[in-house]
>>> print(open('coords39.cif').read())   # mmCIF, C-alpha atoms
data_run
loop_
_atom_site.group_PDB
_atom_site.id
_atom_site.type_symbol
_atom_site.label_atom_id
_atom_site.label_comp_id
_atom_site.auth_asym_id
_atom_site.auth_seq_id
_atom_site.Cartn_x
_atom_site.Cartn_y
_atom_site.Cartn_z
ATOM 1 C CA LYS A 27 10.074 22.490 26.924
ATOM 2 C CA ASN A 28 11.475 20.815 23.835
ATOM 3 C CA LEU A 29 13.466 23.435 21.917
ATOM 4 C CA LEU A 30 12.802 21.947 18.504
ATOM 5 C CA LYS A 31 9.060 21.738 19.133
ATOM 6 C CA ASP A 32 8.751 25.368 20.164
ATOM 7 C CA LYS A 33 7.732 27.394 17.089
ATOM 8 C CA ALA A 34 8.991 30.690 18.507
ATOM 9 C CA PHE A 35 12.436 29.217 19.130
ATOM 10 C CA ILE A 36 12.543 27.503 15.719
ATOM 11 C CA PHE A 37 11.977 30.845 13.959
ATOM 12 C CA LEU A 38 14.520 32.521 16.217
ATOM 13 C CA MET A 39 16.982 29.790 15.239
ATOM 14 C CA LEU A 40 16.155 30.298 11.541
ATOM 15 C CA ALA A 41 16.733 34.050 11.952
ATOM 16 C CA ASN A 42 20.299 33.596 13.186
ATOM 17 C CA PRO A 43 22.192 32.241 10.133
ATOM 18 C CA PRO A 44 21.065 34.934 7.636
ATOM 19 C CA ALA A 45 21.716 37.706 10.168
ATOM 20 C CA VAL A 46 25.204 36.478 11.009
ATOM 21 C CA MET A 47 26.070 35.979 7.332
ATOM 22 C CA GLY A 48 24.880 39.513 6.600
ATOM 23 C CA HIS A 49 26.929 40.968 9.455
ATOM 24 C CA TYR A 50 30.136 39.221 8.462
ATOM 25 C CA LEU A 51 29.750 40.085 4.782
ATOM 26 C CA ILE A 52 29.737 43.787 5.682
ATOM 27 C CA PHE A 53 32.835 43.503 7.874
ATOM 28 C CA VAL A 54 34.783 41.526 5.282
ATOM 29 C CA PHE A 55 33.840 43.418 2.114
ATOM 30 C CA LEU A 56 33.289 47.020 3.260
ATOM 31 C CA PRO A 57 36.855 48.068 2.299
ATOM 32 C CA GLY A 58 36.365 46.525 -1.152
ATOM 33 C CA LEU A 59 33.052 48.313 -1.731
ATOM 34 C CA SER A 60 34.563 51.603 -0.547
ATOM 35 C CA GLU A 61 37.417 51.209 -3.019
ATOM 36 C CA GLU A 62 34.940 50.333 -5.771
ATOM 37 C CA ASN A 63 32.964 53.525 -4.981
ATOM 38 C CA SER A 64 36.180 55.606 -4.722
ATOM 39 C CA VAL A 65 35.512 56.485 -1.073
ATOM 40 C CA PRO A 66 38.696 57.976 0.467
ATOM 41 C CA SER A 67 40.104 56.894 3.870
ATOM 42 C CA ALA A 68 37.983 53.749 3.764
ATOM 43 C CA GLU A 69 40.276 51.985 6.253
ATOM 44 C CA TYR A 70 38.667 53.995 9.088
ATOM 45 C CA LEU A 71 35.167 52.697 8.346
ATOM 46 C CA ILE A 72 35.721 49.255 9.915
ATOM 47 C CA SER A 73 37.030 50.883 13.104
ATOM 48 C CA MET A 74 33.973 53.134 13.228
ATOM 49 C CA LEU A 75 31.695 50.175 12.681
ATOM 50 C CA GLY A 76 33.373 48.250 15.508
ATOM 51 C CA LEU A 77 33.269 51.171 17.949
ATOM 52 C CA ALA A 78 29.622 51.882 17.161
ATOM 53 C CA ASN A 79 28.852 48.248 17.939
ATOM 54 C CA THR A 80 30.233 48.558 21.487
ATOM 55 C CA PHE A 81 28.531 51.413 23.348
ATOM 56 C CA PRO A 82 24.869 50.904 22.274
ATOM 57 C CA ARG A 83 24.894 47.450 23.885
ATOM 58 C CA VAL A 84 24.625 49.043 27.332
ATOM 59 C CA ILE A 85 21.788 51.356 26.236
ATOM 60 C CA LEU A 86 19.855 48.638 24.404
ATOM 61 C CA GLY A 87 20.305 46.278 27.353
ATOM 62 C CA ALA A 88 18.866 48.899 29.710
ATOM 63 C CA ILE A 89 15.948 49.612 27.348
ATOM 64 C CA SER A 90 15.144 45.909 27.015
ATOM 65 C CA ASP A 91 15.062 45.524 30.796
ATOM 66 C CA HIS A 92 11.850 47.572 30.830
ATOM 67 C CA PRO A 93 8.932 45.177 31.464
ATOM 68 C CA LYS A 94 6.865 46.629 28.608
ATOM 69 C CA ILE A 95 9.632 46.347 26.012
ATOM 70 C CA SER A 96 10.382 43.012 24.358
ATOM 71 C CA PRO A 97 14.071 42.353 23.612
ATOM 72 C CA LEU A 98 12.863 40.299 20.642
ATOM 73 C CA VAL A 99 11.097 43.340 19.161
ATOM 74 C CA VAL A 100 14.166 45.526 19.758
ATOM 75 C CA THR A 101 16.306 42.906 17.986
ATOM 76 C CA GLY A 102 13.855 42.650 15.081
ATOM 77 C CA ILE A 103 13.764 46.412 14.512
ATOM 78 C CA SER A 104 17.548 46.657 14.816
ATOM 79 C CA THR A 105 18.092 43.793 12.387
ATOM 80 C CA PHE A 106 15.705 45.352 9.856
ATOM 81 C CA THR A 107 17.595 48.662 10.165
ATOM 82 C CA CYS A 108 20.827 46.740 9.637
ATOM 83 C CA GLY A 109 19.350 45.271 6.482
ATOM 84 C CA LEU A 110 18.672 48.694 4.973
ATOM 85 C CA VAL A 111 22.220 50.001 5.505
ATOM 86 C CA PRO A 112 24.017 47.744 2.944
ATOM 87 C CA PHE A 113 21.652 48.933 0.193
ATOM 88 C CA LEU A 114 22.453 52.538 1.096
ATOM 89 C CA LEU A 115 26.206 51.848 1.258
ATOM 90 C CA VAL A 116 26.076 50.674 -2.348
ATOM 91 C CA PHE A 117 25.194 54.234 -3.428
ATOM 92 C CA SER A 118 27.554 56.056 -1.052
ATOM 93 C CA LYS A 119 30.413 57.805 -2.853
ATOM 94 C CA ASP A 120 31.362 60.098 0.013
ATOM 95 C CA PHE A 121 33.439 59.301 3.117
ATOM 96 C CA TYR A 122 31.171 61.173 5.531
ATOM 97 C CA MET A 123 28.036 59.455 4.253
ATOM 98 C CA SER A 124 29.801 56.074 4.418
ATOM 99 C CA ALA A 125 30.962 56.887 7.963
ATOM 100 C CA VAL A 126 27.406 57.735 9.082
ATOM 101 C CA LEU A 127 26.108 54.502 7.540
ATOM 102 C CA ALA A 128 28.923 52.474 9.135
ATOM 103 C CA LEU A 129 28.058 53.988 12.538
ATOM 104 C CA LEU A 130 24.370 53.239 11.987
ATOM 105 C CA PHE A 131 25.138 49.653 11.011
ATOM 106 C CA GLY A 132 27.355 49.172 14.078
ATOM 107 C CA CYS A 133 24.729 50.625 16.431
ATOM 108 C CA SER A 134 21.845 48.616 15.010
ATOM 109 C CA GLN A 135 23.909 45.430 14.851
ATOM 110 C CA SER A 136 24.650 45.463 18.576
ATOM 111 C CA ALA A 137 21.135 44.406 19.654
ATOM 112 C CA PHE A 138 21.422 41.096 17.820
ATOM 113 C CA TRP A 139 24.493 40.099 19.819
ATOM 114 C CA CYS A 140 23.768 41.525 23.272
ATOM 115 C CA LEU A 141 20.089 40.591 23.686
ATOM 116 C CA THR A 142 20.310 36.866 22.931
ATOM 117 C CA SER A 143 20.337 35.787 26.591
ATOM 118 C CA PRO A 144 17.277 37.819 27.679
ATOM 119 C CA ILE A 145 15.402 36.715 24.553
ATOM 120 C CA VAL A 146 16.076 33.042 25.271
ATOM 121 C CA VAL A 147 15.193 33.392 28.978
ATOM 122 C CA ASP A 148 11.901 35.154 28.131
ATOM 123 C CA MET A 149 11.090 32.549 25.507
ATOM 124 C CA MET A 150 12.281 29.255 27.005
ATOM 125 C CA GLY A 151 12.962 29.935 30.677
ATOM 126 C CA LEU A 152 16.215 30.144 32.628
ATOM 127 C CA ASP A 153 16.576 26.352 32.842
ATOM 128 C CA GLN A 154 16.853 26.110 29.034
ATOM 129 C CA LEU A 155 19.283 29.025 28.618
ATOM 130 C CA ALA A 156 22.466 26.942 28.271
ATOM 131 C CA THR A 157 20.994 24.477 25.758
ATOM 132 C CA ALA A 158 19.207 27.100 23.668
ATOM 133 C CA PHE A 159 22.236 29.399 23.654
ATOM 134 C CA GLY A 160 24.402 26.468 22.544
ATOM 135 C CA VAL A 161 22.063 25.686 19.632
ATOM 136 C CA LEU A 162 22.032 29.326 18.512
ATOM 137 C CA THR A 163 25.822 29.565 18.822
ATOM 138 C CA PHE A 164 26.169 26.452 16.646
ATOM 139 C CA THR A 165 23.968 27.946 13.902
ATOM 140 C CA ARG A 166 25.920 31.198 14.130
ATOM 141 C CA GLY A 167 29.213 29.358 13.775
ATOM 142 C CA LEU A 168 28.020 27.682 10.583
ATOM 143 C CA ALA A 169 26.865 31.042 9.248
ATOM 144 C CA CYS A 170 30.296 32.569 9.977
ATOM 145 C CA LEU A 171 31.854 29.884 7.791
ATOM 146 C CA LEU A 172 29.338 30.256 4.953
ATOM 147 C CA GLY A 173 28.854 34.040 4.730
ATOM 148 C CA PRO A 174 32.198 35.377 3.418
ATOM 149 C CA PRO A 175 32.736 32.547 0.866
ATOM 150 C CA LEU A 176 29.222 33.085 -0.514
ATOM 151 C CA GLY A 177 29.900 36.815 -0.743
ATOM 152 C CA GLY A 178 33.219 36.133 -2.465
ATOM 153 C CA PHE A 179 31.461 33.801 -4.916
ATOM 154 C CA ILE A 180 28.962 36.551 -5.796
ATOM 155 C CA ILE A 181 31.802 39.058 -6.291
ATOM 156 C CA ASP A 182 33.706 36.602 -8.501
ATOM 157 C CA ILE A 183 30.642 36.021 -10.690
ATOM 158 C CA THR A 184 29.528 39.656 -10.980
ATOM 159 C CA GLY A 185 32.882 41.411 -10.666
ATOM 160 C CA GLN A 186 31.317 43.959 -8.288
ATOM 161 C CA PHE A 187 31.103 44.268 -4.509
ATOM 162 C CA ARG A 188 27.700 45.978 -4.645
ATOM 163 C CA TYR A 189 25.896 42.703 -5.354
ATOM 164 C CA ALA A 190 27.409 41.075 -2.276
ATOM 165 C CA PHE A 191 26.096 44.013 -0.230
ATOM 166 C CA CYS A 192 22.626 43.643 -1.731
ATOM 167 C CA PHE A 193 22.816 39.965 -0.787
ATOM 168 C CA ALA A 194 23.860 40.908 2.781
ATOM 169 C CA GLY A 195 21.016 43.410 3.092
ATOM 170 C CA SER A 196 18.498 40.851 1.837
ATOM 171 C CA LEU A 197 19.723 38.278 4.362
ATOM 172 C CA LEU A 198 19.307 40.746 7.222
ATOM 173 C CA VAL A 199 15.792 41.734 6.139
ATOM 174 C CA ILE A 200 14.844 38.037 5.882
ATOM 175 C CA SER A 201 16.238 37.528 9.378
ATOM 176 C CA SER A 202 14.106 40.399 10.723
ATOM 177 C CA VAL A 203 11.001 38.757 9.203
ATOM 178 C CA PHE A 204 11.827 35.471 10.979
ATOM 179 C CA ILE A 205 12.285 37.411 14.236
ATOM 180 C CA LEU A 206 8.868 39.045 13.743
ATOM 181 C CA ILE A 207 7.269 35.622 13.193
ATOM 182 C CA SER A 208 9.012 34.339 16.323
ATOM 183 C CA TRP A 209 7.601 37.291 18.283
ATOM 184 C CA THR A 210 4.049 36.557 17.077
ATOM 185 C CA PHE A 211 4.354 32.998 18.450
ATOM 186 C CA VAL A 212 5.679 34.368 21.749
ATOM 187 C CA ARG A 213 2.690 36.739 21.949
ATOM 188 C CA LYS A 214 0.269 33.885 21.287
ATOM 189 C CA SER A 215 1.919 31.827 24.010
ATOM 190 C CA VAL A 216 1.709 34.705 26.525
ATOM 191 C CA LYS A 217 -1.982 35.318 25.720
ATOM 192 C CA LYS A 218 -2.686 31.606 26.155
ATOM 193 C CA LYS A 219 -0.988 31.547 29.574
ATOM 194 C CA ASN A 220 -2.845 34.677 30.674
ATOM 195 C CA LYS A 221 -6.147 33.128 29.592
ATOM 196 C CA TYR A 222 -5.511 30.003 31.655
ATOM 197 C CA THR A 223 -4.454 32.132 34.645
ATOM 198 C CA ILE A 224 -7.701 34.172 34.492
ATOM 199 C CA GLU A 225 -9.813 31.018 34.197
ATOM 200 C CA GLU A 226 -8.133 29.512 37.240
#
>>> encode(input="coords39.cif", output="structure tokens")
Amino acid sequence: KNLLKDKAFIFLMLANPPAVMGHYLIFVFLPGLSEENSVPSAEYLISMLGLANTFPRVILGAISDHPKISPLVVTGISTFTCGLVPFLLVFSKDFYMSAVLALLFGCSQSAFWCLTSPIVVDMMGLDQLATAFGVLTFTRGLACLLGPPLGGFIIDITGQFRYAFCFAGSLLVISSVFILISWTFVRKSVKKKNKYTIEE
């Protein structure tokens, strides 16, 4: 299989940069937004976000191992959930509400990072895992470099952190749409293979 000729993989690749930019924007600018919204003890929010990102990986990995559950669908739903949280954080003026949202963001973010390998294996096969993973890691690296400066640029122009969070949320929602499109191509491919198998 040629990676760059596979439509499902192309959309998966396109989904990675906006998702990674959205993730990093939240990590970098959450303290600033909390200060802007007068949320007390905001320094604990990043720690909560990081801890919440850790434990769900095991649970989501186990769920995605079920033969009837697609890791791509789990990632798409999680990424969409991630995309809603920044919009809600913009309106949070209370530490406890911000803490709940930070925990939700951390939990939903974990699928994107821990399910990449099973997604690629399901989509491209085990023999293409190293190459495909390398391509995705490259796109993620570029996104890491671009995300925070773009967020900083938005904050400099508007003078408010909330617009950077709206930008982050939009990026994550866009990423979830690309993941959904990727899944539709995977489904078409599976149906095609099953059709040929039945005919044989």
>>> resolve_selection(input="coords39.cif", expression="the PyMOL selection byres ((chain A and resi 158-173) around 9)", output="JSON, numbers by chain")
{"A": [29, 35, 38, 39, 40, 42, 43, 44, 45, 46, 47, 48, 49, 50, 51, 142, 143, 146, 150, 154, 155, 156, 157, 174, 175, 176, 177, 178, 194]}
>>> closest_residue(input="coords39.cif", among="A:Cys133, A:Leu59, A:Ile36, A:Ile180", to="Leu115 of chain A", atoms="only C-alpha atoms")
A:Leu59
>>> resolve_selection(input="coords39.cif", expression="the PyMOL selection byres ((chain A and resi 137-139) around 12)", output="PyMOL selection string")
chain A and resi 38+41-46+48-49+78-90+96-108+131-136+140-145+159+162-163+166+198+201-202+205
>>> write_last_selection(input="coords39.cif", atoms="C-alpha atoms", output="PDB file, in the coordinates of the input")
ATOM      1  CA  LEU A  38      14.520  32.521  16.217  1.00  0.00           C
ATOM      2  CA  ALA A  41      16.733  34.050  11.952  1.00  0.00           C
ATOM      3  CA  ASN A  42      20.299  33.596  13.186  1.00  0.00           C
ATOM      4  CA  PRO A  43      22.192  32.241  10.133  1.00  0.00           C
ATOM      5  CA  PRO A  44      21.065  34.934   7.636  1.00  0.00           C
ATOM      6  CA  ALA A  45      21.716  37.706  10.168  1.00  0.00           C
ATOM      7  CA  VAL A  46      25.204  36.478  11.009  1.00  0.00           C
ATOM      8  CA  GLY A  48      24.880  39.513   6.600  1.00  0.00           C
ATOM      9  CA  HIS A  49      26.929  40.968   9.455  1.00  0.00           C
ATOM     10  CA  ALA A  78      29.622  51.882  17.161  1.00  0.00           C
ATOM     11  CA  ASN A  79      28.852  48.248  17.939  1.00  0.00           C
ATOM     12  CA  THR A  80      30.233  48.558  21.487  1.00  0.00           C
ATOM     13  CA  PHE A  81      28.531  51.413  23.348  1.00  0.00           C
ATOM     14  CA  PRO A  82      24.869  50.904  22.274  1.00  0.00           C
ATOM     15  CA  ARG A  83      24.894  47.450  23.885  1.00  0.00           C
ATOM     16  CA  VAL A  84      24.625  49.043  27.332  1.00  0.00           C
ATOM     17  CA  ILE A  85      21.788  51.356  26.236  1.00  0.00           C
ATOM     18  CA  LEU A  86      19.855  48.638  24.404  1.00  0.00           C
ATOM     19  CA  GLY A  87      20.305  46.278  27.353  1.00  0.00           C
ATOM     20  CA  ALA A  88      18.866  48.899  29.710  1.00  0.00           C
ATOM     21  CA  ILE A  89      15.948  49.612  27.348  1.00  0.00           C
ATOM     22  CA  SER A  90      15.144  45.909  27.015  1.00  0.00           C
ATOM     23  CA  SER A  96      10.382  43.012  24.358  1.00  0.00           C
ATOM     24  CA  PRO A  97      14.071  42.353  23.612  1.00  0.00           C
ATOM     25  CA  LEU A  98      12.863  40.299  20.642  1.00  0.00           C
ATOM     26  CA  VAL A  99      11.097  43.340  19.161  1.00  0.00           C
ATOM     27  CA  VAL A 100      14.166  45.526  19.758  1.00  0.00           C
ATOM     28  CA  THR A 101      16.306  42.906  17.986  1.00  0.00           C
ATOM     29  CA  GLY A 102      13.855  42.650  15.081  1.00  0.00           C
ATOM     30  CA  ILE A 103      13.764  46.412  14.512  1.00  0.00           C
ATOM     31  CA  SER A 104      17.548  46.657  14.816  1.00  0.00           C
ATOM     32  CA  THR A 105      18.092  43.793  12.387  1.00  0.00           C
ATOM     33  CA  PHE A 106      15.705  45.352   9.856  1.00  0.00           C
ATOM     34  CA  THR A 107      17.595  48.662  10.165  1.00  0.00           C
ATOM     35  CA  CYS A 108      20.827  46.740   9.637  1.00  0.00           C
ATOM     36  CA  PHE A 131      25.138  49.653  11.011  1.00  0.00           C
ATOM     37  CA  GLY A 132      27.355  49.172  14.078  1.00  0.00           C
ATOM     38  CA  CYS A 133      24.729  50.625  16.431  1.00  0.00           C
ATOM     39  CA  SER A 134      21.845  48.616  15.010  1.00  0.00           C
ATOM     40  CA  GLN A 135      23.909  45.430  14.851  1.00  0.00           C
ATOM     41  CA  SER A 136      24.650  45.463  18.576  1.00  0.00           C
ATOM     42  CA  CYS A 140      23.768  41.525  23.272  1.00  0.00           C
ATOM     43  CA  LEU A 141      20.089  40.591  23.686  1.00  0.00           C
ATOM     44  CA  THR A 142      20.310  36.866  22.931  1.00  0.00           C
ATOM     45  CA  SER A 143      20.337  35.787  26.591  1.00  0.00           C
ATOM     46  CA  PRO A 144      17.277  37.819  27.679  1.00  0.00           C
ATOM     47  CA  ILE A 145      15.402  36.715  24.553  1.00  0.00           C
ATOM     48  CA  PHE A 159      22.236  29.399  23.654  1.00  0.00           C
ATOM     49  CA  LEU A 162      22.032  29.326  18.512  1.00  0.00           C
ATOM     50  CA  THR A 163      25.822  29.565  18.822  1.00  0.00           C
ATOM     51  CA  ARG A 166      25.920  31.198  14.130  1.00  0.00           C
ATOM     52  CA  LEU A 198      19.307  40.746   7.222  1.00  0.00           C
ATOM     53  CA  SER A 201      16.238  37.528   9.378  1.00  0.00           C
ATOM     54  CA  SER A 202      14.106  40.399  10.723  1.00  0.00           C
ATOM     55  CA  ILE A 205      12.285  37.411  14.236  1.00  0.00           C
TER      56      ILE A 205
END
>>> resolve_selection(input="coords39.cif", expression="the PyMOL selection byres ((chain A and resi 210) around 12)", output="ChimeraX atom specification")
/A:33-35,37-38,96,98-99,102,149,203-209,211-217
>>> atom_distance(input="coords39.cif", atom1="atom CA of Asp32 of chain A", atom2="atom CA of Asp91 of chain A")
23.6 Å
>>> closest_residue(input="coords39.cif", among="A:Met74, A:Gly58, A:Asp148, A:Glu69", to="Pro93 of chain A", atoms="only C-alpha atoms")
A:Asp148
>>> atom_distance(input="coords39.cif", atom1="atom CA of Phe179 of chain A", atom2="atom CA of Ser118 of chain A")
22.9 Å
>>> closest_residue(input="coords39.cif", among="A:Gly109, A:Val147, A:Tyr70, A:Val199", to="Val126 of chain A", atoms="all atoms listed in the file")
A:Tyr70
>>> closest_residue(input="coords39.cif", among="A:Val116, A:Leu110, A:Cys192, A:Ile72", to="Val54 of chain A", atoms="only C-alpha atoms")
A:Ile72
>>> atom_distance(input="coords39.cif", atom1="atom CA of Phe193 of chain A", atom2="atom CA of Asp120 of chain A")
21.9 Å
>>> residues_around(input="coords39.cif", residues="Pro66 of chain A", least_positions_apart="4", cutoff="10 Å", atoms="only C-alpha atoms", output="ChimeraX atom specification")
/A:60-61,70,119-122,124
